[in-house]
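> Here you go, this is query_2.txt (compact mmCIF, C-alpha atoms).
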```txt
# COMPACT_ATOMS: atom_id res chain seq x y z
CA MET C 162 114.19 87.49 115.39
CA THR C 163 110.45 86.78 115.26
CA HIS C 164 108.72 86.14 111.95
CA ALA C 165 105.12 86.54 110.86
CA TYR C 166 105.02 84.16 107.91
CA TYR C 167 102.02 83.91 105.59
CA ILE C 168 101.67 82.32 102.17
CA GLY C 169 99.77 83.91 99.28
CA LEU C 170 98.35 81.80 96.43
CA MET C 171 97.16 83.42 93.23
CA SER C 172 95.93 82.12 89.90
CA GLY C 173 94.52 84.91 87.75
CA THR C 174 92.25 85.34 84.75
CA SER C 175 95.10 84.50 82.37
CA MET C 176 95.53 81.06 84.02
CA ASP C 177 99.25 81.10 83.26
CA GLY C 178 100.22 79.26 86.45
CA VAL C 179 99.76 79.23 90.22
CA ASP C 180 101.93 81.81 91.98
CA ALA C 181 102.91 80.95 95.56
CA VAL C 182 104.77 83.43 97.77
CA LEU C 183 106.10 83.23 101.31
CA VAL C 184 105.90 86.64 102.99
CA ASP C 185 107.11 87.93 106.35
CA PHE C 186 104.90 90.68 107.84
CA ALA C 187 107.02 91.19 110.98
CA GLY C 188 108.54 94.47 109.71
CA ALA C 189 107.06 97.79 108.64
CA GLN C 190 106.87 96.56 105.02
CA PRO C 191 106.08 93.01 103.82
CA ALA C 192 109.26 91.06 103.00
CA LEU C 193 109.14 88.50 100.17
CA ILE C 194 111.07 85.46 101.44
CA ALA C 195 110.52 83.00 98.59
CA SER C 196 108.38 82.50 95.50
CA HIS C 197 107.38 79.64 93.23
CA THR C 198 105.22 79.29 90.12
CA GLU C 199 103.56 75.94 89.47
CA ALA C 200 102.47 75.39 85.87
CA ILE C 201 98.86 74.35 85.30
CA PRO C 202 98.93 70.93 83.56
CA PRO C 203 97.41 71.07 80.02
CA HIS C 204 94.43 68.77 80.82
CA LEU C 205 93.53 70.90 83.84
CA LEU C 206 93.93 74.14 81.89
CA LYS C 207 91.61 72.80 79.18
CA GLY C 208 89.02 71.82 81.81
CA LEU C 209 89.18 75.28 83.43
CA GLN C 210 88.87 77.13 80.13
CA ARG C 211 85.86 74.96 79.24
CA LEU C 212 84.28 75.66 82.64
CA CYS C 213 84.57 79.41 82.05
CA LEU C 214 81.95 79.06 79.31
CA PRO C 215 78.39 77.79 79.90
CA GLY C 216 78.06 74.09 78.99
CA THR C 217 76.64 70.70 79.92
CA ASP C 218 77.39 68.64 83.06
CA GLU C 219 78.75 71.76 84.74
CA ILE C 220 78.23 70.74 88.37
CA ASN C 221 80.14 67.44 88.03
CA ARG C 222 82.96 69.15 86.15
CA LEU C 223 83.04 71.97 88.71
CA GLY C 224 83.22 69.53 91.62
CA ARG C 225 86.10 67.55 90.12
CA LEU C 226 88.05 70.64 89.07
CA ASP C 227 87.55 72.18 92.52
CA ARG C 228 89.47 69.24 94.04
CA HIS C 229 92.11 69.13 91.28
CA VAL C 230 92.83 72.86 91.61
CA GLY C 231 93.03 72.44 95.41
CA GLN C 232 95.62 69.68 94.92
CA LEU C 233 97.61 71.87 92.50
CA PHE C 234 97.60 74.79 94.96
CA ALA C 235 98.77 72.45 97.75
CA LEU C 236 101.59 71.18 95.51
CA ALA C 237 102.68 74.79 94.87
CA VAL C 238 102.79 75.46 98.66
CA ASN C 239 104.75 72.29 99.45
CA LYS C 240 107.35 73.09 96.75
CA LEU C 241 107.59 76.70 97.96
CA LEU C 242 108.31 75.60 101.54
CA ALA C 243 110.85 72.99 100.41
CA ASN C 244 112.70 75.64 98.36
CA ALA C 245 112.65 78.11 101.27
CA SER C 246 113.64 75.52 103.93
CA VAL C 247 110.72 76.71 106.09
CA THR C 248 108.50 74.24 107.97
CA LYS C 249 104.71 74.26 107.86
CA GLU C 250 104.64 74.97 111.62
CA GLU C 251 106.30 78.36 111.01
CA VAL C 252 103.47 79.56 108.72
CA ASN C 253 100.43 81.24 110.33
CA ALA C 254 98.09 80.72 107.38
CA ILE C 255 97.76 80.43 103.61
CA GLY C 256 95.70 83.04 101.76
CA SER C 257 94.25 81.39 98.66
CA HIS C 258 92.54 83.43 95.96
CA GLY C 259 91.34 80.34 94.09
CA GLN C 260 90.66 80.16 90.36
CA THR C 261 87.78 82.37 89.23
CA VAL C 262 85.35 80.49 86.97
CA ARG C 263 82.49 83.05 87.11
CA HIS C 264 82.38 86.69 88.16
CA MET C 265 78.86 88.12 87.75
CA PRO C 266 78.49 90.93 90.33
CA ASN C 267 75.93 92.94 88.33
CA LEU C 268 73.09 90.41 88.15
CA GLU C 269 69.95 91.07 90.21
CA VAL C 270 71.53 88.75 92.78
CA GLY C 271 75.23 89.12 92.00
CA PHE C 272 77.76 86.37 92.64
CA THR C 273 81.39 85.41 92.14
CA LEU C 274 82.81 81.90 92.16
CA GLN C 275 86.40 80.78 92.78
CA ILE C 276 87.40 77.11 92.94
CA GLY C 277 90.39 75.31 94.49
CA ASP C 278 89.01 73.46 97.53
CA PRO C 279 90.60 75.07 100.63
CA ASN C 280 89.96 71.88 102.66
CA THR C 281 92.14 69.97 100.21
CA ILE C 282 94.89 72.63 100.44
CA ALA C 283 94.74 72.56 104.27
CA THR C 284 94.89 68.76 104.58
CA GLU C 285 97.68 68.35 101.99
CA THR C 286 99.89 71.11 103.43
CA GLY C 287 99.08 70.87 107.14
CA ILE C 288 98.51 74.66 107.26
CA ASP C 289 95.26 76.55 107.93
CA VAL C 290 93.85 78.18 104.80
CA ILE C 291 91.96 81.47 104.50
CA ALA C 292 89.95 81.48 101.27
CA ASP C 293 86.75 82.74 99.65
CA PHE C 294 87.73 86.40 100.04
CA ARG C 295 85.32 87.93 97.52
CA ARG C 296 81.87 86.71 98.53
CA LYS C 297 81.56 88.66 101.82
CA ASP C 298 82.03 91.90 99.89
CA ILE C 299 79.35 90.82 97.37
CA ALA C 300 77.01 89.91 100.25
CA LEU C 301 77.44 93.52 101.41
CA GLY C 302 76.35 94.84 98.01
CA GLY C 303 79.88 95.24 96.59
CA GLN C 304 81.54 94.03 93.40
CA GLY C 305 83.83 91.61 95.27
CA ALA C 306 86.63 93.18 93.21
CA PRO C 307 89.20 94.55 92.97
CA LEU C 308 90.44 93.53 96.44
CA VAL C 309 94.09 94.55 96.04
CA PRO C 310 93.58 98.35 96.46
CA ALA C 311 93.44 97.97 100.27
CA PHE C 312 96.87 96.29 100.10
CA HIS C 313 98.16 98.91 97.64
CA LEU C 314 97.02 101.63 100.06
CA GLN C 315 98.98 100.11 102.97
CA VAL C 316 102.15 99.33 101.02
CA PHE C 317 102.43 101.96 98.26
CA ALA C 318 100.62 105.11 99.45
CA GLU C 319 102.62 108.16 100.51
CA GLN C 320 101.12 111.22 102.17
CA GLY C 321 100.78 114.11 99.72
CA LYS C 322 101.85 112.03 96.67
CA LYS C 323 99.39 111.26 93.87
CA ARG C 324 100.05 107.70 92.73
CA ILE C 325 98.32 105.17 90.52
CA ILE C 326 99.07 101.46 90.83
CA LEU C 327 98.19 99.61 87.63
CA ASN C 328 97.95 95.82 87.77
CA ILE C 329 97.88 94.21 84.32
CA GLY C 330 96.93 90.55 84.55
CA GLY C 331 94.30 88.93 82.33
CA ILE C 332 92.14 91.90 83.33
CA ALA C 333 93.69 95.29 84.15
CA ASN C 334 92.80 97.19 87.33
CA ILE C 335 93.92 100.48 88.79
CA THR C 336 94.21 101.85 92.31
CA TYR C 337 94.26 105.62 92.65
CA LEU C 338 96.14 106.74 95.77
CA PRO C 339 95.66 110.50 96.03
CA GLY C 340 97.50 110.80 99.35
CA LYS C 341 94.36 110.66 101.51
CA ARG C 342 92.90 107.29 102.60
CA GLU C 343 89.23 108.23 102.21
CA HIS C 344 89.70 109.27 98.58
CA VAL C 345 91.19 105.97 97.32
CA VAL C 346 89.56 104.70 94.12
CA GLY C 347 90.00 101.33 92.43
CA PHE C 348 88.32 99.42 89.60
CA ASP C 349 88.87 97.14 86.61
CA THR C 350 89.59 99.09 83.42
CA GLY C 351 88.88 96.11 81.12
CA PRO C 352 91.08 93.60 79.26
CA GLY C 353 94.73 93.40 80.23
CA ASN C 354 96.49 90.42 78.65
CA THR C 355 93.42 88.20 78.14
CA LEU C 356 92.65 89.10 74.49
CA ILE C 357 96.25 89.51 73.27
CA ASP C 358 97.05 86.10 74.82
CA ALA C 359 93.92 84.49 73.33
CA TRP C 360 94.69 85.81 69.81
CA ILE C 361 98.35 84.70 69.72
CA GLN C 362 97.32 81.29 71.12
CA GLN C 363 94.68 80.91 68.41
CA VAL C 364 96.90 82.04 65.50
CA LYS C 365 100.41 80.93 66.50
CA GLY C 366 99.89 78.42 69.31
CA GLU C 367 102.07 80.56 71.61
CA SER C 368 100.90 81.28 75.16
CA PHE C 369 101.78 85.01 75.09
CA ASP C 370 103.34 87.71 72.92
CA ARG C 371 106.84 88.11 74.40
CA ASP C 372 107.70 91.83 74.78
CA GLY C 373 104.70 92.59 72.54
CA ALA C 374 106.97 91.85 69.55
CA TRP C 375 104.17 90.48 67.34
CA ALA C 376 101.93 93.47 68.14
CA ALA C 377 104.87 95.80 67.38
CA SER C 378 105.22 94.21 63.91
CA GLY C 379 101.61 95.13 63.02
CA GLN C 380 99.66 98.35 62.41
CA THR C 381 96.64 99.25 64.55
CA HIS C 382 93.39 99.43 62.58
CA PRO C 383 91.54 102.62 63.72
CA GLU C 384 88.00 101.42 62.85
CA LEU C 385 88.41 98.11 64.67
CA LEU C 386 89.88 99.90 67.69
CA THR C 387 86.94 102.36 67.75
CA GLN C 388 84.48 99.46 67.56
CA LEU C 389 86.18 97.55 70.40
CA LEU C 390 86.29 100.68 72.58
CA SER C 391 82.56 101.26 72.03
CA HIS C 392 81.78 98.39 74.46
CA PRO C 393 79.54 99.93 77.19
CA TYR C 394 81.88 98.68 79.96
CA PHE C 395 84.47 101.33 79.06
CA SER C 396 82.08 104.23 79.67
CA MET C 397 80.56 102.78 82.90
CA ALA C 398 81.18 104.69 86.11
CA TYR C 399 83.09 102.94 88.92
CA PRO C 400 82.75 100.93 91.16
CA LYS C 401 82.96 98.31 88.43
CA SER C 402 84.67 94.99 87.80
CA THR C 403 84.81 92.57 84.90
CA GLY C 404 86.32 89.30 83.73
CA ARG C 405 86.42 86.80 80.91
CA GLU C 406 82.60 86.57 81.12
CA LEU C 407 82.59 89.81 79.10
CA PHE C 408 85.95 89.92 77.35
CA ASN C 409 86.58 86.47 75.90
CA GLN C 410 87.32 84.67 72.64
CA ALA C 411 83.64 84.45 71.66
CA TRP C 412 83.25 88.24 72.05
CA LEU C 413 86.47 88.79 70.11
CA GLU C 414 85.34 86.55 67.22
CA GLN C 415 82.05 88.45 67.02
CA GLN C 416 83.90 91.80 66.93
CA LEU C 417 86.29 90.57 64.22
CA THR C 418 83.59 89.32 61.83
CA PRO C 419 83.50 92.53 59.70
CA PHE C 420 87.34 92.71 59.81
CA ASN C 421 88.24 89.21 58.56
CA HIS C 422 90.43 90.68 55.83
CA LEU C 423 92.86 92.22 58.32
CA ASP C 424 96.41 90.97 58.76
CA GLU C 425 96.77 88.87 61.93
CA ALA C 426 99.61 91.04 63.31
CA ASP C 427 97.45 94.15 62.73
CA ILE C 428 94.70 92.56 64.85
CA GLN C 429 97.27 91.85 67.61
CA SER C 430 98.45 95.48 67.52
CA THR C 431 94.83 96.69 67.71
CA LEU C 432 94.09 94.41 70.69
CA LEU C 433 97.16 95.72 72.50
CA ASP C 434 95.93 99.26 71.81
CA LEU C 435 92.52 98.30 73.22
CA THR C 436 94.27 97.42 76.49
CA CYS C 437 96.41 100.58 76.46
CA HIS C 438 93.67 103.03 75.38
CA SER C 439 91.08 101.71 77.87
CA ILE C 440 93.65 101.97 80.69
CA ALA C 441 94.83 105.45 79.63
CA GLN C 442 91.28 106.73 79.19
CA ASP C 443 90.43 105.78 82.80
CA ILE C 444 93.70 107.14 84.21
CA LEU C 445 93.18 110.50 82.46
CA ARG C 446 89.71 110.76 84.04
CA LEU C 447 91.48 110.73 87.41
CA GLY C 448 93.97 113.44 86.41
CA ASP C 449 96.54 114.13 83.73
CA THR C 450 99.70 114.11 85.87
CA GLY C 451 101.13 111.89 88.60
CA GLU C 452 103.19 108.78 89.27
CA LEU C 453 102.17 105.48 87.65
CA PHE C 454 103.56 102.15 88.89
CA VAL C 455 102.80 98.97 86.94
CA CYS C 456 102.69 95.39 88.22
CA GLY C 457 101.43 92.03 86.91
CA GLY C 458 102.46 90.27 83.69
CA GLY C 459 101.83 93.37 81.56
CA ALA C 460 104.72 95.15 83.31
CA PHE C 461 107.09 92.84 81.35
CA ASN C 462 105.55 93.64 77.93
CA ARG C 463 107.93 96.27 76.54
CA GLU C 464 105.64 97.35 73.68
CA LEU C 465 102.68 97.75 76.07
CA MET C 466 104.73 99.91 78.45
CA GLN C 467 105.99 102.12 75.59
CA ARG C 468 102.48 102.64 74.21
CA LEU C 469 101.15 103.52 77.68
CA GLU C 470 103.97 106.02 78.13
CA ARG C 471 103.03 107.73 74.84
CA LEU C 472 99.34 107.90 75.83
CA LEU C 473 100.13 109.30 79.31
CA PRO C 474 102.81 111.99 78.79
CA GLY C 475 102.00 113.68 82.12
CA TYR C 476 102.79 110.55 84.16
CA GLN C 477 106.12 109.22 85.41
CA LEU C 478 105.93 105.53 84.46
CA ALA C 479 107.81 102.77 86.31
CA THR C 480 107.12 99.29 87.70
CA THR C 481 106.44 98.64 91.39
CA LEU C 482 110.10 97.57 91.68
CA ALA C 483 110.79 101.31 92.10
CA LEU C 484 108.70 101.07 95.31
CA GLY C 485 110.53 97.95 96.49
CA VAL C 486 108.10 95.21 95.35
CA ASP C 487 108.77 92.89 92.39
CA PRO C 488 105.90 93.47 89.89
CA LYS C 489 105.55 89.72 89.26
CA TRP C 490 104.62 88.96 92.86
CA VAL C 491 102.46 91.92 93.97
CA GLU C 492 99.13 90.04 93.72
CA GLY C 493 100.48 86.93 95.46
CA ILE C 494 101.80 89.11 98.31
CA ALA C 495 98.40 90.83 98.46
CA PHE C 496 96.66 87.50 99.18
CA ALA C 497 99.20 86.68 101.90
CA TRP C 498 98.32 90.13 103.33
CA LEU C 499 94.58 89.34 103.11
CA ALA C 500 95.24 86.10 105.07
CA MET C 501 97.14 88.12 107.68
CA ARG C 502 94.24 90.61 107.98
CA HIS C 503 91.76 87.77 108.51
CA HIS C 504 94.08 86.07 111.04
CA LEU C 505 94.22 89.32 113.05
CA GLY C 506 90.47 89.98 112.69
CA LEU C 507 91.01 93.16 110.64
CA PRO C 508 88.87 94.43 107.71
CA ALA C 509 90.39 94.17 104.23
CA ASN C 510 87.95 95.72 101.75
CA LEU C 511 87.60 99.37 100.80
CA PRO C 512 83.86 100.15 100.39
CA ALA C 513 84.72 103.21 98.26
CA VAL C 514 86.38 100.82 95.80
CA THR C 515 84.04 97.82 95.71
CA GLY C 516 80.74 99.55 96.54
CA ALA C 517 80.15 97.39 99.66
CA SER C 518 77.99 98.91 102.40
CA ARG C 519 80.77 98.64 105.03
CA GLU C 520 84.28 97.40 105.79
CA ALA C 521 84.49 93.69 106.66
CA VAL C 522 86.86 90.88 107.61
CA LEU C 523 87.11 88.89 104.37
CA GLY C 524 87.40 85.15 103.81
CA GLY C 525 86.72 82.01 105.82
CA ARG C 526 89.18 79.87 107.76
CA PHE C 527 89.65 76.20 106.85
CA SER C 528 91.56 74.36 109.56
CA ALA C 529 94.28 71.81 108.80
CA ARG C 530 93.38 69.96 112.02
```
What does the file become when written as structure tokens?

Amino acid sequence: MTHAYYIGLMSGTSMDGVDAVLVDFAGAQPALIASHTEAIPPHLLKGLQRLCLPGTDEINRLGRLDRHVGQLFALAVNKLLANASVTKEEVNAIGSHGQTVRHMPNLEVGFTLQIGDPNTIATETGIDVIADFRRKDIALGGQGAPLVPAFHLQVFAEQGKKRIILNIGGIANITYLPGKREHVVGFDTGPGNTLIDAWIQQVKGESFDRDGAWAASGQTHPELLTQLLSHPYFSMAYPKSTGRELFNQAWLEQQLTPFNHLDEADIQSTLLDLTCHSIAQDILRLGDTGELFVCGGGAFNRELMQRLERLLPGYQLATTLALGVDPKWVEGIAFAWLAMRHHLGLPANLPAVTGASREAVLGGRFSAR
């Protein structure tokens, strides 16, 4: 049996590890063969978080981190292949998203920047790397994000069925699949896990709120929620995309200043509601009934899923597992798919989603030779 093996590498806004997946595209649907998550070492995580905020000596720090992240991505690939007992020669290419350190598509000359040197990944794995997927779309006047709707369209769309795919990583994004290709819509709704993770890290030193238990123990504060939801991003029309440039700890501290007296668990509950309300608000603009499939880390937050269900009574809510794809690995598989599209010379953006002037082959190839 012939295989069409590609590897997808993904490290998202939440920086909770590097996901590596080995995918076979030989069949009608992508088949996940193996997966591996490589933790980001604490010193590297600290350096990346610092780089996400303006500071001194940025270019030197950027250059060093670019190489270090490339080495970490290569390590994730080599462990993945060892676990799967697959040789590097069997893999057509690696699709590497990189680690976003700036996403500023709305400046007069917009840009986006991902690090994780693809040359380093290629030389340390012996496999060609396709990387830098977002900047072609920006060069064509697009947002460079979200890129996964094209993948969602191919894998999850069904003729005549109205479906929404909701990916909740650090930032949340939705893909609206109305059953007709030309009407697909996709955009970032705003914060996913980024603020709830930041708050529990700050207060309790824990990396995330397991099952949303801490948020569930608190009471949402209506005035704080109203203030958070008054951010202009939430009322912007799509195409739109965002990141931790907008929704970060500094912004959160500023918003919390008049609410210092609040209980910490109440703040966590309110931040979770900010995620849920901003998502629900955007979904309801697209229609009040349909099927909703969730993927990304947020799919495993029980409290988040229950609150979404209450806010969207007209939607059947499930994870993408109901469509045959493990919610944890959807984005990783999407970047393997993007590598496959580049390898075959096929376009991978949806101009209706990103705002680009045309479809385009995304990414550049970095040879291992």
> Of the residues C:Gly516, C:Ser402, C:Gly459, C:Asn280, which is the one nearest to Phe369 (chain C), using all atoms listed in the file?
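For Phe369 (chain C), the nearest of the candidates is C:Gly459.
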> Between C:Thr480, C:Thr436, C:Ser528, C:Gln260, which residue has the minimum interatomic distance to Ala460 (chain C), considering all atoms listed in the file?
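Distance minimum relative to Ala460 (chain C) lands on C:Thr480.
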> Which of these residues is nearest to Gly451 (chain C), using all atoms listed in the file: C:Trp498, C:Gly330, C:Trp412, C:Arg324?
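Using all atoms listed in the file, Gly451 (chain C) sits closest to C:Arg324.
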> Just to confirm, what's the straight-line distance from CA of Met176 (chain C) to CA of Leu473 (chain C) in Å (one decimal)?
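So the answer is 29.0 Å.
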> Around (88.4, 99.8, 97.6) in the file's frame, which residues reach within 9 Å when counting all atoms listed in the file? Return as a PDB file with C-alpha atoms, keeping the file's coordinate frame?

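Done, and the output landed in part00.pdb:
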```
ATOM      1  CA  ALA C 306      86.630  93.180  93.210  1.00  0.00           C
ATOM      2  CA  PRO C 307      89.200  94.550  92.970  1.00  0.00           C
ATOM      3  CA  LEU C 308      90.440  93.530  96.440  1.00  0.00           C
ATOM      4  CA  VAL C 309      94.090  94.550  96.040  1.00  0.00           C
ATOM      5  CA  PRO C 310      93.580  98.350  96.460  1.00  0.00           C
ATOM      6  CA  ALA C 311      93.440  97.970 100.270  1.00  0.00           C
ATOM      7  CA  THR C 336      94.210 101.850  92.310  1.00  0.00           C
ATOM      8  CA  VAL C 345      91.190 105.970  97.320  1.00  0.00           C
ATOM      9  CA  VAL C 346      89.560 104.700  94.120  1.00  0.00           C
ATOM     10  CA  GLY C 347      90.000 101.330  92.430  1.00  0.00           C
ATOM     11  CA  PHE C 348      88.320  99.420  89.600  1.00  0.00           C
ATOM     12  CA  PRO C 400      82.750 100.930  91.160  1.00  0.00           C
ATOM     13  CA  ALA C 509      90.390  94.170 104.230  1.00  0.00           C
ATOM     14  CA  ASN C 510      87.950  95.720 101.750  1.00  0.00           C
ATOM     15  CA  LEU C 511      87.600  99.370 100.800  1.00  0.00           C
ATOM     16  CA  PRO C 512      83.860 100.150 100.390  1.00  0.00           C
ATOM     17  CA  ALA C 513      84.720 103.210  98.260  1.00  0.00           C
ATOM     18  CA  VAL C 514      86.380 100.820  95.800  1.00  0.00           C
ATOM     19  CA  THR C 515      84.040  97.820  95.710  1.00  0.00           C
ATOM     20  CA  GLY C 516      80.740  99.550  96.540  1.00  0.00           C
ATOM     21  CA  ALA C 517      80.150  97.390  99.660  1.00  0.00           C
TER      22      ALA C 517
END
```
> Need to verify the contact set: Glu425 (chain C), 10 Å, only C-alpha atoms, exclusion of same-chain residues closer than 4 positions in sequence. Can you return it as a ChimeraX atom specification?
/C:360-361,364-365,375-376,379-380,421,429-431
> Using only C-alpha atoms, can you tell me which of C:His229, C:His382, C:Lys489, C:Arg446 comes closest to Tyr337 (chain C)?
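Residue with the minimum atom-to-atom distance to Tyr337 (chain C): C:Arg446.
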> Using only C-alpha atoms, pick whichever of C:Leu356, C:Leu212, C:Ala237, C:Ala500 has the shortest atom-to-atom distance to Phe527 (chain C).
C:Ala500
> Using CA of Glu367 (chain C) and CA of Cys213 (chain C) as the two end points, give the distance in Å to one decimal.
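So the answer is 20.4 Å.
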